[in-house]
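K.L.:
Contents of entry.cif (mmCIF, C-alpha atoms):
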```cif
data_work
#
loop_
_atom_site.label_atom_id
_atom_site.label_comp_id
_atom_site.auth_asym_id
_atom_site.auth_seq_id
_atom_site.Cartn_x
_atom_site.Cartn_y
_atom_site.Cartn_z
CA MET A 1277 3.18 -16.05 -60.91
CA GLY A 1278 0.71 -13.15 -60.87
CA PRO A 1279 -0.10 -11.16 -57.72
CA LEU A 1280 -3.57 -12.72 -57.36
CA ARG A 1281 -2.07 -16.20 -57.52
CA VAL A 1282 0.55 -15.27 -54.90
CA LEU A 1283 -2.20 -13.96 -52.63
CA SER A 1284 -4.22 -17.16 -53.10
CA VAL A 1285 -1.24 -19.37 -52.21
CA PHE A 1286 -0.49 -17.24 -49.15
CA LEU A 1287 -4.07 -17.50 -47.87
CA ASP A 1288 -4.07 -21.27 -48.44
CA LEU A 1289 -0.85 -21.54 -46.40
CA ILE A 1290 -2.31 -19.53 -43.52
CA LEU A 1291 -5.44 -21.73 -43.53
CA VAL A 1292 -3.38 -24.93 -43.39
CA CYS A 1293 -1.28 -23.53 -40.52
CA PHE A 1294 -4.36 -22.72 -38.45
CA MET A 1295 -5.86 -26.15 -39.17
CA PHE A 1296 -2.84 -27.79 -37.55
CA ALA A 1297 -2.08 -25.17 -34.88
CA PRO A 1298 -2.27 -26.49 -31.29
CA SER A 1299 -4.75 -23.78 -30.28
CA GLY A 1300 -7.33 -25.22 -32.66
CA ALA A 1301 -8.13 -27.95 -30.14
CA TYR A 1302 -9.59 -25.48 -27.63
CA ASP A 1303 -12.14 -22.69 -27.47
CA LEU A 1304 -10.18 -19.44 -27.01
CA ASP A 1305 -13.03 -18.16 -24.81
CA SER A 1306 -13.13 -21.29 -22.61
CA SER A 1307 -12.90 -21.08 -18.83
CA TYR A 1308 -9.94 -23.37 -18.22
CA VAL A 1309 -6.83 -22.80 -16.14
CA THR A 1310 -3.94 -22.83 -18.60
CA CYS A 1311 -0.19 -23.24 -18.52
CA GLY A 1312 1.43 -19.91 -17.69
CA SER A 1313 -1.62 -18.49 -15.91
CA LEU A 1314 -0.99 -16.33 -12.84
CA VAL A 1315 -3.58 -17.08 -10.16
CA LYS A 1316 -4.62 -16.78 -6.55
CA LEU A 1317 -5.83 -20.04 -5.00
CA MET A 1318 -8.39 -20.00 -2.17
CA ASN A 1319 -9.08 -22.85 0.22
CA THR A 1320 -12.85 -23.31 0.03
CA ARG A 1321 -13.24 -24.59 3.61
CA HIS A 1322 -11.37 -21.81 5.39
CA GLY A 1323 -11.57 -18.94 2.87
CA VAL A 1324 -7.84 -18.18 2.88
CA ARG A 1325 -5.59 -17.64 -0.13
CA LEU A 1326 -2.34 -19.52 -0.65
CA HIS A 1327 0.45 -17.10 0.21
CA SER A 1328 4.21 -16.86 0.62
CA HIS A 1329 6.85 -14.24 1.44
CA ASP A 1330 10.55 -14.16 2.20
CA VAL A 1331 10.08 -15.35 5.79
CA LYS A 1332 11.76 -18.64 6.73
CA TYR A 1333 10.36 -21.32 9.01
CA GLY A 1334 12.00 -21.24 12.43
CA SER A 1335 11.84 -25.04 12.64
CA GLY A 1336 11.69 -28.00 10.26
CA SER A 1337 13.40 -27.34 6.94
CA GLY A 1338 14.07 -23.64 7.55
CA GLN A 1339 12.86 -22.98 4.00
CA GLN A 1340 10.57 -20.12 2.91
CA SER A 1341 7.22 -20.37 4.65
CA VAL A 1342 3.87 -20.87 2.89
CA THR A 1343 0.74 -19.65 4.67
CA GLY A 1344 -2.92 -18.79 4.12
CA VAL A 1345 -4.18 -15.20 4.31
CA ASP A 1346 -7.66 -13.68 4.49
CA SER A 1347 -6.85 -10.69 2.29
CA ALA A 1348 -7.80 -10.83 -1.39
CA ASP A 1349 -5.49 -7.91 -2.25
CA ASP A 1350 -2.04 -9.17 -1.23
CA ALA A 1351 0.32 -9.44 -4.22
CA ASN A 1352 2.28 -12.15 -2.38
CA SER A 1353 -0.62 -14.53 -3.07
CA TYR A 1354 -0.01 -14.79 -6.83
CA TRP A 1355 1.30 -18.11 -8.17
CA ARG A 1356 2.22 -19.12 -11.72
CA ILE A 1357 1.09 -22.47 -13.14
CA ARG A 1358 3.96 -24.28 -14.89
CA GLY A 1359 4.88 -27.70 -16.21
CA LYS A 1360 6.89 -30.21 -14.22
CA PRO A 1361 10.68 -30.30 -14.77
CA ASP A 1362 11.87 -31.63 -18.13
CA SER A 1363 8.39 -31.58 -19.66
CA VAL A 1364 6.67 -29.39 -22.22
CA CYS A 1365 3.91 -27.14 -20.91
CA GLN A 1366 2.91 -24.93 -23.82
CA ARG A 1367 1.80 -21.48 -22.72
CA GLY A 1368 -1.99 -21.12 -22.92
CA VAL A 1369 -2.82 -24.83 -23.17
CA PRO A 1370 -5.44 -26.04 -20.62
CA ILE A 1371 -4.16 -28.09 -17.68
CA ARG A 1372 -5.55 -31.64 -17.75
CA CYS A 1373 -7.03 -33.28 -14.67
CA GLY A 1374 -4.31 -35.52 -13.26
CA GLU A 1375 -1.53 -33.50 -14.89
CA ALA A 1376 1.68 -32.95 -12.91
CA ILE A 1377 2.55 -29.25 -12.54
CA ARG A 1378 4.68 -26.80 -10.60
CA ILE A 1379 3.12 -23.86 -8.75
CA THR A 1380 5.66 -21.03 -8.62
CA HIS A 1381 5.43 -18.02 -6.29
CA MET A 1382 5.44 -14.88 -8.42
CA LYS A 1383 7.31 -12.53 -6.06
CA THR A 1384 10.12 -14.85 -4.91
CA GLY A 1385 10.41 -17.31 -7.81
CA ARG A 1386 10.27 -20.33 -5.48
CA ASN A 1387 8.11 -23.40 -6.07
CA LEU A 1388 5.40 -24.85 -3.85
CA HIS A 1389 7.20 -27.78 -2.21
CA SER A 1390 6.72 -30.49 0.40
CA HIS A 1391 8.90 -33.09 2.12
CA HIS A 1392 9.08 -35.26 5.23
CA PHE A 1393 9.37 -32.49 7.81
CA SER A 1394 6.61 -31.85 10.34
CA SER A 1395 4.63 -28.64 10.00
CA PRO A 1396 5.22 -26.25 12.94
CA LEU A 1397 1.67 -25.96 14.33
CA SER A 1398 -0.37 -29.06 13.46
CA ASN A 1399 2.41 -31.64 13.08
CA ASN A 1400 1.16 -32.52 9.61
CA GLN A 1401 3.64 -32.44 6.69
CA GLU A 1402 5.44 -29.16 6.07
CA VAL A 1403 4.74 -27.22 2.87
CA SER A 1404 7.36 -24.65 1.87
CA ALA A 1405 8.54 -22.58 -1.09
CA PHE A 1406 11.81 -23.87 -2.53
CA GLY A 1407 14.30 -23.26 -5.33
CA GLU A 1408 15.68 -20.24 -7.12
CA ASN A 1409 14.28 -18.52 -10.22
CA GLY A 1410 11.65 -21.23 -10.65
CA GLU A 1411 14.07 -24.17 -10.50
CA GLY A 1412 14.04 -26.54 -7.54
CA ASP A 1413 13.73 -30.33 -7.51
CA ASP A 1414 11.29 -33.24 -7.98
CA LEU A 1415 9.52 -32.43 -4.70
CA ASP A 1416 8.08 -29.29 -6.33
CA VAL A 1417 5.61 -31.36 -8.38
CA TRP A 1418 1.86 -31.55 -7.66
CA SER A 1419 -0.94 -33.37 -9.47
CA VAL A 1420 -4.20 -31.50 -10.15
CA GLN A 1421 -7.12 -33.63 -8.92
CA CYS A 1422 -10.32 -32.59 -10.69
CA GLY A 1423 -13.44 -34.20 -12.11
CA GLU A 1424 -13.55 -33.40 -15.82
CA THR A 1425 -11.01 -33.47 -18.64
CA TYR A 1426 -9.46 -30.08 -17.87
CA TRP A 1427 -9.03 -27.91 -14.78
CA GLU A 1428 -11.92 -25.44 -14.91
CA ARG A 1429 -11.58 -22.00 -13.32
CA ASP A 1430 -14.78 -22.26 -11.28
CA GLU A 1431 -14.12 -25.82 -10.06
CA ALA A 1432 -12.86 -26.76 -6.58
CA VAL A 1433 -9.83 -29.04 -7.03
CA ARG A 1434 -7.22 -30.80 -4.92
CA PHE A 1435 -3.44 -30.69 -5.31
CA LYS A 1436 -1.74 -34.00 -4.52
CA HIS A 1437 2.00 -33.94 -3.89
CA VAL A 1438 3.53 -36.42 -6.32
CA GLY A 1439 6.57 -37.26 -4.19
CA THR A 1440 4.85 -37.96 -0.86
CA GLU A 1441 1.14 -38.31 -1.81
CA VAL A 1442 -0.17 -35.71 0.64
CA PHE A 1443 -2.88 -33.18 -0.24
CA LEU A 1444 -2.32 -29.41 0.05
CA SER A 1445 -4.46 -28.48 3.07
CA VAL A 1446 -5.50 -25.95 5.71
CA THR A 1447 -7.03 -26.86 9.07
CA GLY A 1448 -7.14 -23.39 10.62
CA GLU A 1449 -4.10 -23.13 12.93
CA GLN A 1450 -2.84 -19.53 13.14
CA TYR A 1451 0.70 -18.21 13.49
CA GLY A 1452 1.89 -15.58 15.95
CA HIS A 1453 4.70 -13.07 15.40
CA PRO A 1454 6.07 -12.23 12.81
CA ILE A 1455 3.18 -13.46 10.62
CA ARG A 1456 0.39 -13.12 13.15
CA GLY A 1457 -3.04 -14.31 12.01
CA GLN A 1458 -1.81 -16.17 8.94
CA ARG A 1459 -2.87 -19.82 8.71
CA GLU A 1460 -0.65 -22.85 8.49
CA ILE A 1461 -0.56 -24.60 5.11
CA HIS A 1462 0.44 -28.26 5.27
CA GLY A 1463 0.12 -31.65 3.62
CA MET A 1464 -2.42 -34.27 4.77
CA LEU A 1465 -2.64 -37.90 3.68
CA SER A 1466 -6.45 -37.95 3.77
CA ALA A 1467 -8.63 -36.42 1.06
CA ASN A 1468 -11.21 -34.27 2.85
CA GLN A 1469 -12.92 -30.86 2.88
CA ASN A 1470 -9.74 -29.15 4.13
CA ASN A 1471 -7.93 -29.72 0.82
CA TYR A 1472 -10.22 -28.19 -1.79
CA TRP A 1473 -8.91 -25.10 -3.63
CA LYS A 1474 -10.52 -22.78 -6.12
CA VAL A 1475 -9.00 -20.22 -8.49
CA MET A 1476 -9.99 -16.67 -7.60
CA GLU A 1477 -8.22 -13.59 -9.02
CA GLY A 1478 -5.79 -14.13 -11.86
CA VAL A 1479 -4.42 -13.54 -15.33
CA PHE A 1480 -5.33 -16.43 -17.60
CA ILE A 1481 -3.07 -17.06 -20.59
CA GLN A 1482 -4.94 -18.02 -23.76
CA PRO A 1483 -3.63 -20.32 -26.51
CA SER A 1484 -1.64 -18.34 -29.05
CA SER A 1485 -3.48 -17.46 -32.24
CA ASP A 1486 -0.09 -17.36 -33.97
CA PRO A 1487 0.57 -20.84 -35.43
CA PHE A 1488 4.34 -20.17 -35.41
CA HIS A 1489 4.47 -19.17 -31.70
CA HIS A 1490 5.48 -22.00 -29.32
CA ASP A 1491 6.22 -20.65 -25.85
CA GLU A 1492 6.93 -23.41 -23.32
CA LEU A 1493 7.14 -23.27 -19.52
#
```
If you took the structure in this file and wrote it as structure tokens, what would it be?
P.N.:
Amino acid sequence: MGPLRVLSVFLDLILVCFMFAPSGAYDLDSSYVTCGSLVKLMNTRHGVRLHSHDVKYGSGSGQQSVTGVDSADDANSYWRIRGKPDSVCQRGVPIRCGEAIRITHMKTGRNLHSHHFSSPLSNNQEVSAFGENGEGDDLDVWSVQCGETYWERDEAVRFKHVGTEVFLSVTGEQYGHPIRGQREIHGMLSANQNNYWKVMEGVFIQPSSDPFHHDEL
């Protein structure tokens, strides 16, 4: 086979690969939140960003606390969007509305979590950060509630806890020492203006342009 024929076959193979590559289903320049993205989430009613740190609750579960902060610059407000346990979430693929995900704290590797403990200030349902190195349990799973096919970056969405059916919420209660001024994050059964969240700062992973690359989270 001559060199020109080899080149032609090679180009045909590349074309076929791209035709069937998963990334072909999406616009690489689209404005979706994708699996693997690292984001800050702001509550649209109270203007605080979802936050955590290695400070434990003094009551309830005693797990790592989750709060809301006013600052846009705090690195402890970054969370990674991942698939639920035992499911495929291909890096760079847009998150569908209604999809079950995990939201993992970047600095501590613990997952956004809820359970039937009362929150310390409002007596709603406690929200904590749980697990080690991104692995926890089934109560780390949240469903993205949005209006279109995919979760759009500029859209206000709700996060519904799959295990207990509460919505991730803020109602404005503030902590004292040692996390003075930070707001309580909790779960509420009612869908209302206190449980809308919007993506702010972040690093958004795009679908791979390499048809042989299949990262999963």
K.L.:
Rounded to one decimal in Å, what is the spacing between CA of Val1442 (chain A) and CA of Met1464 (chain A)?
P.N.:
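Rounded to one decimal, the two atoms are 4.9 Å apart.
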K.L.:
When you look at Gln1421 (chain A) with a cut-off of 9 Å (counting all atoms listed in the file), what residues show up, excluding the ones that are within fewer than 6 positions of it in the same chain? I need them as an MDAnalysis selection string.
P.N.:
chainID A and resid 1373:1375 1427 1433:1436
K.L.:
Put those residues in a file: C-alpha atoms, as a PDB file, in the frame of the given file.
P.N.:
```
ATOM      1  CA  CYS A1373      -7.030 -33.280 -14.670  1.00  0.00           C
ATOM      2  CA  GLY A1374      -4.310 -35.520 -13.260  1.00  0.00           C
ATOM      3  CA  GLU A1375      -1.530 -33.500 -14.890  1.00  0.00           C
ATOM      4  CA  TRP A1427      -9.030 -27.910 -14.780  1.00  0.00           C
ATOM      5  CA  VAL A1433      -9.830 -29.040  -7.030  1.00  0.00           C
ATOM      6  CA  ARG A1434      -7.220 -30.800  -4.920  1.00  0.00           C
ATOM      7  CA  PHE A1435      -3.440 -30.690  -5.310  1.00  0.00           C
ATOM      8  CA  LYS A1436      -1.740 -34.000  -4.520  1.00  0.00           C
TER       9      LYS A1436
END
```
K.L.:
Hey, which of A:Cys1311, A:Gly1368, A:Asn1319, A:Val1331 ends up closest to Thr1380 (chain A)? Count all atoms listed in the file.
P.N.:
A:Cys1311
K.L.:
Between CA of Gln1482 (chain A) and CA of Thr1310 (chain A), what is the spacing in Å?
P.N.:
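Separating CA of Thr1310 (chain A) from CA of Gln1482 (chain A) is a distance of 7.1 Å.
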K.L.:
Taking (11.1, -17.9, -11.8) in the file's coordinates as the center, which residues reach within 7 Å of it, counting all atoms listed in the file, put as a VMD selection string?
P.N.:
chain A and resid 1385 to 1386 1408 to 1410
K.L.:
Could you check which of A:Glu1460, A:Asp1414, A:Glu1428, A:Asp1362 is closest to Thr1440 (chain A), using only C-alpha atoms?
P.N.:
A:Asp1414
K.L.:
What does the PyMOL selection byres ((chain A and resi 1333) around 12) select in this file, as an mmCIF file with C-alpha atoms, keeping the file's coordinate frame?
P.N.:
```cif
data_model
loop_
_atom_site.group_PDB
_atom_site.id
_atom_site.type_symbol
_atom_site.label_atom_id
_atom_site.label_comp_id
_atom_site.auth_asym_id
_atom_site.auth_seq_id
_atom_site.Cartn_x
_atom_site.Cartn_y
_atom_site.Cartn_z
ATOM 1 C CA SER A 1328 4.210 -16.860 0.620
ATOM 2 C CA HIS A 1329 6.850 -14.240 1.440
ATOM 3 C CA ASP A 1330 10.550 -14.160 2.200
ATOM 4 C CA VAL A 1331 10.080 -15.350 5.790
ATOM 5 C CA LYS A 1332 11.760 -18.640 6.730
ATOM 6 C CA GLY A 1334 12.000 -21.240 12.430
ATOM 7 C CA SER A 1335 11.840 -25.040 12.640
ATOM 8 C CA GLY A 1336 11.690 -28.000 10.260
ATOM 9 C CA SER A 1337 13.400 -27.340 6.940
ATOM 10 C CA GLY A 1338 14.070 -23.640 7.550
ATOM 11 C CA GLN A 1339 12.860 -22.980 4.000
ATOM 12 C CA GLN A 1340 10.570 -20.120 2.910
ATOM 13 C CA SER A 1341 7.220 -20.370 4.650
ATOM 14 C CA VAL A 1342 3.870 -20.870 2.890
ATOM 15 C CA THR A 1343 0.740 -19.650 4.670
ATOM 16 C CA PHE A 1393 9.370 -32.490 7.810
ATOM 17 C CA SER A 1394 6.610 -31.850 10.340
ATOM 18 C CA SER A 1395 4.630 -28.640 10.000
ATOM 19 C CA PRO A 1396 5.220 -26.250 12.940
ATOM 20 C CA LEU A 1397 1.670 -25.960 14.330
ATOM 21 C CA GLU A 1402 5.440 -29.160 6.070
ATOM 22 C CA VAL A 1403 4.740 -27.220 2.870
ATOM 23 C CA SER A 1404 7.360 -24.650 1.870
ATOM 24 C CA ALA A 1405 8.540 -22.580 -1.090
ATOM 25 C CA PHE A 1406 11.810 -23.870 -2.530
ATOM 26 C CA TYR A 1451 0.700 -18.210 13.490
ATOM 27 C CA HIS A 1453 4.700 -13.070 15.400
ATOM 28 C CA PRO A 1454 6.070 -12.230 12.810
ATOM 29 C CA ILE A 1455 3.180 -13.460 10.620
ATOM 30 C CA GLU A 1460 -0.650 -22.850 8.490
#
```
K.L.:
Apply the PyMOL selection byres ((chain A and resi 1439) around 12) to the displayed file and report the matching residues as a list in words.
P.N.:
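That selection, the PyMOL selection byres ((chain A and resi 1439) around 12), comes back as Ala1376, His1389, Ser1390, His1391, His1392, Asp1413, Asp1414, Leu1415, Asp1416, Val1417, Trp1418, Ser1419, Lys1436, His1437, Val1438, Thr1440, Glu1441, Val1442, Phe1443 and Gly1463 of chain A.
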K.L.:
Point out the residue among A:Lys1474, A:His1327, A:Arg1456, A:Arg1429 with the least atom-to-atom distance to Val1309 (chain A), counting all atoms listed in the file.
P.N.:
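Nearest candidate to Val1309 (chain A) out of A:Lys1474, A:His1327, A:Arg1456, A:Arg1429: A:Arg1429.
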K.L.:
Please identify all polymer residues within 9 Å of Glu1449 (chain A), counting only C-alpha atoms, omitting same-chain residues fewer than 2 positions from it, and present them as a PyMOL selection string.
P.N.:
chain A and resi 1397-1398+1446-1447+1451+1457-1461
K.L.:
Counting all atoms listed in the file, which residues in region 1342-1368 of chain A sit no more than 8 Å from region 1313-1318 of chain A? For each one, give the nearest pair of atoms and the distance in Å, sorted by chain then residue number, as a tab-separated table.
P.N.:
```
residue	atom	partner	partner_atom	distance
A:Ser1353	CA	A:Lys1316	CA	5.8
A:Tyr1354	CA	A:Lys1316	CA	5.0
A:Trp1355	CA	A:Val1315	CA	5.4
A:Arg1356	CA	A:Leu1314	CA	4.4
A:Ile1357	CA	A:Ser1313	CA	5.6
A:Gly1368	CA	A:Ser1313	CA	7.5
```
K.L.:
Considering all atoms listed in the file, can you say which of A:Trp1473, A:Lys1360, A:Arg1372, A:Ile1377 comes closest to Glu1424 (chain A)?
P.N.:
A:Arg1372
K.L.:
Quote the spacing between CA of Leu1444 (chain A) and CA of Gln1401 (chain A) in Å to one decimal place.
P.N.:
9.4 Å
K.L.:
Got a minute to add N, CA, C and O atoms to region 1461-1476 of chain A and dump it as a compact mmCIF listing (two decimals), in the frame of the given file?
P.N.:
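Now in selection-v1.txt:
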```txt
# COMPACT_ATOMS: atom_id res chain seq x y z
N ILE A 1461 -0.31 -23.75 6.27
CA ILE A 1461 -0.56 -24.60 5.11
C ILE A 1461 0.29 -25.85 5.29
O ILE A 1461 1.47 -25.77 5.63
N HIS A 1462 -0.30 -27.02 5.07
CA HIS A 1462 0.44 -28.26 5.27
C HIS A 1462 -0.07 -29.34 4.33
O HIS A 1462 -1.01 -29.12 3.56
N GLY A 1463 0.55 -30.50 4.40
CA GLY A 1463 0.12 -31.65 3.62
C GLY A 1463 -0.55 -32.67 4.51
O GLY A 1463 -0.07 -32.96 5.61
N MET A 1464 -1.69 -33.24 4.03
CA MET A 1464 -2.42 -34.27 4.77
C MET A 1464 -2.58 -35.50 3.87
O MET A 1464 -2.82 -35.37 2.67
N LEU A 1465 -2.49 -36.68 4.47
CA LEU A 1465 -2.64 -37.90 3.68
C LEU A 1465 -4.09 -38.17 3.28
O LEU A 1465 -4.34 -38.82 2.27
N SER A 1466 -5.03 -37.68 4.06
CA SER A 1466 -6.45 -37.95 3.77
C SER A 1466 -7.04 -36.89 2.86
O SER A 1466 -6.76 -35.69 3.00
N ALA A 1467 -7.87 -37.34 1.91
CA ALA A 1467 -8.63 -36.42 1.06
C ALA A 1467 -9.90 -36.03 1.80
O ALA A 1467 -10.73 -36.88 2.13
N ASN A 1468 -10.05 -34.73 2.08
CA ASN A 1468 -11.21 -34.27 2.85
C ASN A 1468 -11.53 -32.82 2.48
O ASN A 1468 -10.94 -32.26 1.57
N GLN A 1469 -12.46 -32.22 3.20
CA GLN A 1469 -12.92 -30.86 2.88
C GLN A 1469 -11.86 -29.80 3.12
O GLN A 1469 -11.98 -28.67 2.64
N ASN A 1470 -10.81 -30.13 3.86
CA ASN A 1470 -9.74 -29.15 4.13
C ASN A 1470 -8.77 -28.99 2.97
O ASN A 1470 -7.90 -28.12 3.02
N ASN A 1471 -8.89 -29.82 1.92
CA ASN A 1471 -7.93 -29.72 0.82
C ASN A 1471 -8.55 -29.42 -0.53
O ASN A 1471 -8.02 -29.81 -1.57
N TYR A 1472 -9.65 -28.69 -0.53
CA TYR A 1472 -10.22 -28.19 -1.79
C TYR A 1472 -9.78 -26.74 -2.01
O TYR A 1472 -9.83 -25.91 -1.10
N TRP A 1473 -9.38 -26.44 -3.26
CA TRP A 1473 -8.91 -25.10 -3.63
C TRP A 1473 -9.61 -24.65 -4.89
O TRP A 1473 -9.92 -25.45 -5.79
N LYS A 1474 -9.84 -23.35 -4.95
CA LYS A 1474 -10.52 -22.78 -6.12
C LYS A 1474 -9.75 -21.55 -6.60
O LYS A 1474 -9.26 -20.75 -5.79
N VAL A 1475 -9.64 -21.40 -7.91
CA VAL A 1475 -9.00 -20.22 -8.49
C VAL A 1475 -9.88 -19.00 -8.26
O VAL A 1475 -11.08 -19.03 -8.51
N MET A 1476 -9.26 -17.93 -7.79
CA MET A 1476 -9.99 -16.67 -7.60
C MET A 1476 -9.47 -15.64 -8.60
O MET A 1476 -9.64 -15.81 -9.79
```
